[in-house]
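Written below as structure tokens is the structure these notes are about.
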Amino acid sequence: MRCPFCAHDDSQVKDSRPTEDNASIRRRRQCSSCGARFTTFERVQLREVTISKSGDRREAFDRRKIEQSVSLACRKRDISQERIDQLISGIQRQVETAGENEVPSSRLGELVMDGLRQLDSVAYIRFASVYRDFSEARDFEEFASSVQEVAGSEDADDRDQGSSDS
Ligand SMILES: [Zn+2]
């Protein structure tokens, strides 16, 4: 595995262990040239899936992109990395076992929304506010308040209001 820091072609595995949910293997590596340490993950990929987007654009399903948007939605929420990884692995599994070689990006977005809705209402609202194109601020407020009602009062005092300043 090439070193991401100095691009040297060789690195040594220092430690190798399964993640807690046993869905992947985590390897700590060290570059034999510059000595930098980094981590790689080995995961099962059942099949190649293409994500189709608007305007005939297509790209290979990329787990890292989902990780990025889910991590952003879950930022500063009290959600363990373990649960986030499980959510993403679940989505990946659903995409790979759907029987289609091509999955619309809208379907992928729905899977992420469904998963986040069960995980954390604030993360769900954050993701939806980016993913759904709310044309009116009022539409978004209605959506957000309906989510809060469904989610109950468990975290009503812990809403993130930092981004709503105007
Ligand atoms: Zn290096």
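Labeling convention for the structure tokens: chains A, B, ... as they appear, residues from 1 per chain, ligands from 1 in order of appearance.
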Any chance you could list, as number ranges by chain, the residues in segment 5-95 of chain A that come up helix (DSSP H, G or I) when DSSP is run on the backbone?
-> A: 54-56, 63-73, 81-95
Step by step, measure atom-to-atom distances between ligand 1 and each residue using only C-alpha atoms and all ligand atoms, keep those at most 9 Å, then write them as an NGL selection string.
-> :A and (2-11 or 30-37)
Go ahead and write the selection's residues with C-alpha atoms as a PDB file, in the first residue's frame.
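After the write, result_19.pdb holds the following:
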ATOM      1  CA  ARG A   2       1.428   3.348  -1.054  1.00  0.00           C
ATOM      2  CA  CYS A   3       2.203   5.887   1.658  1.00  0.00           C
ATOM      3  CA  PRO A   4      -0.306   8.774   1.506  1.00  0.00           C
ATOM      4  CA  PHE A   5       2.303  11.165   2.891  1.00  0.00           C
ATOM      5  CA  CYS A   6       5.414  10.597   0.784  1.00  0.00           C
ATOM      6  CA  ALA A   7       4.015   8.290  -1.950  1.00  0.00           C
ATOM      7  CA  HIS A   8       6.608   5.619  -1.193  1.00  0.00           C
ATOM      8  CA  ASP A   9       5.365   2.348  -2.670  1.00  0.00           C
ATOM      9  CA  ASP A  10       5.735   0.161   0.371  1.00  0.00           C
ATOM     10  CA  SER A  11       4.343   0.119   3.891  1.00  0.00           C
ATOM     11  CA  GLN A  30       3.794   2.314   8.764  1.00  0.00           C
ATOM     12  CA  CYS A  31       5.643   3.725   5.778  1.00  0.00           C
ATOM     13  CA  SER A  32       9.050   2.107   5.465  1.00  0.00           C
ATOM     14  CA  SER A  33      10.469   5.296   3.988  1.00  0.00           C
ATOM     15  CA  CYS A  34       9.170   8.284   5.997  1.00  0.00           C
ATOM     16  CA  GLY A  35       7.843   6.351   9.002  1.00  0.00           C
ATOM     17  CA  ALA A  36       4.354   7.888   8.855  1.00  0.00           C
ATOM     18  CA  ARG A  37       1.537   5.757  10.268  1.00  0.00           C
TER      19      ARG A  37
END
From the list A:Ser106, A:Ala73, A:Gln92, A:Phe140, which residue is nearest Val122 of chain A when using only C-alpha atoms?
->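 Of the candidates, the smallest distance to Val122 of chain A is held by A:Ala73.
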Nearest residue to Arg28 of chain A from the set A:Met1, A:Ser146, A:Arg47, A:Ala123 (distances using only C-alpha atoms) =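 That would be A:Met1, the residue with the smallest distance to Arg28 of chain A.
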Hey, can you check how far atom CA of Phe38 of chain A sits from atom CA of Val70 of chain A?
-> 22.1 Å
Per DSSP on the backbone, what are the strand (DSSP E or B) residues of chain A, as an NGL selection string?
-> :A and (11-18 or 24-31 or 37-43 or 50-52 or 58-60 or 102-104)
Atom pair atom CA of Arg126 of chain A + atom CA of Ala144 of chain A, distance 9.3 Å
Please provide as number ranges by chain all residues within 10 Å of Asp21 of chain A, with the sequence filter that same-chain residues fewer than 6 positions apart are discarded (counting only C-alpha atoms).
-> A: 82-83, 85-86
Could those residues be written to a file, using N, CA, C and O atoms, as a compact mmCIF listing (two decimals), in the first residue's frame?
# COMPACT_ATOMS: atom_id res chain seq x y z
N GLU A 82 -18.87 3.75 16.09
CA GLU A 82 -19.34 2.39 15.87
C GLU A 82 -20.75 2.37 15.25
O GLU A 82 -21.01 1.66 14.29
N ARG A 83 -21.65 3.19 15.81
CA ARG A 83 -23.02 3.20 15.30
C ARG A 83 -23.08 3.83 13.92
O ARG A 83 -23.87 3.42 13.08
N ASP A 85 -20.63 3.67 11.71
CA ASP A 85 -20.10 2.65 10.80
C ASP A 85 -21.16 1.59 10.48
O ASP A 85 -21.27 1.13 9.35
N GLN A 86 -21.91 1.21 11.51
CA GLN A 86 -22.95 0.20 11.30
C GLN A 86 -24.03 0.71 10.36
O GLN A 86 -24.52 -0.02 9.49
Using only C-alpha atoms, the best pick from A:Lys76, A:Glu102, A:Gln81, A:Glu59 as closest to Thr19 of chain A would be A:Gln81
State, in Å with one decimal place, the distance from atom CA of Ile125 of chain A to atom CA of Arg138 of chain A.
->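 Interatomic distance, atom CA of Ile125 of chain A to atom CA of Arg138 of chain A: 14.2 Å.
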Using only C-alpha atoms, which residues sit within 9 Å of Ser54 of chain A once same-chain residues fewer than 4 positions away are excluded, as a ChimeraX atom specification?
-> /A:58,104-105
Output file for the residues above (all heavy atoms, as a CSV table (one decimal), in the first residue's frame):
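Result file out_18.csv:
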chain,number,residue,atom,x,y,z
A,58,ARG,N,-23.1,9.4,-14.1
A,58,ARG,CA,-23.0,8.1,-13.3
A,58,ARG,C,-21.6,8.1,-12.6
A,58,ARG,O,-20.7,8.6,-13.1
A,58,ARG,CB,-23.1,6.9,-14.3
A,58,ARG,CG,-24.5,6.7,-14.8
A,58,ARG,CD,-24.4,5.5,-15.7
A,58,ARG,NE,-25.8,5.1,-16.1
A,58,ARG,CZ,-26.5,5.9,-16.9
A,58,ARG,NH1,-26.1,7.0,-17.5
A,58,ARG,NH2,-27.8,5.5,-17.2
A,104,PRO,N,-30.3,4.8,-8.4
A,104,PRO,CA,-30.4,6.3,-8.5
A,104,PRO,C,-29.9,7.0,-7.2
A,104,PRO,O,-30.1,6.4,-6.1
A,104,PRO,CB,-31.9,6.6,-8.7
A,104,PRO,CG,-32.6,5.2,-8.8
A,104,PRO,CD,-31.6,4.2,-8.4
A,105,SER,N,-29.3,8.1,-7.4
A,105,SER,CA,-28.7,8.8,-6.2
A,105,SER,C,-29.9,9.2,-5.2
A,105,SER,O,-29.7,9.2,-4.0
A,105,SER,CB,-27.9,10.0,-6.6
A,105,SER,OG,-28.8,10.9,-7.3
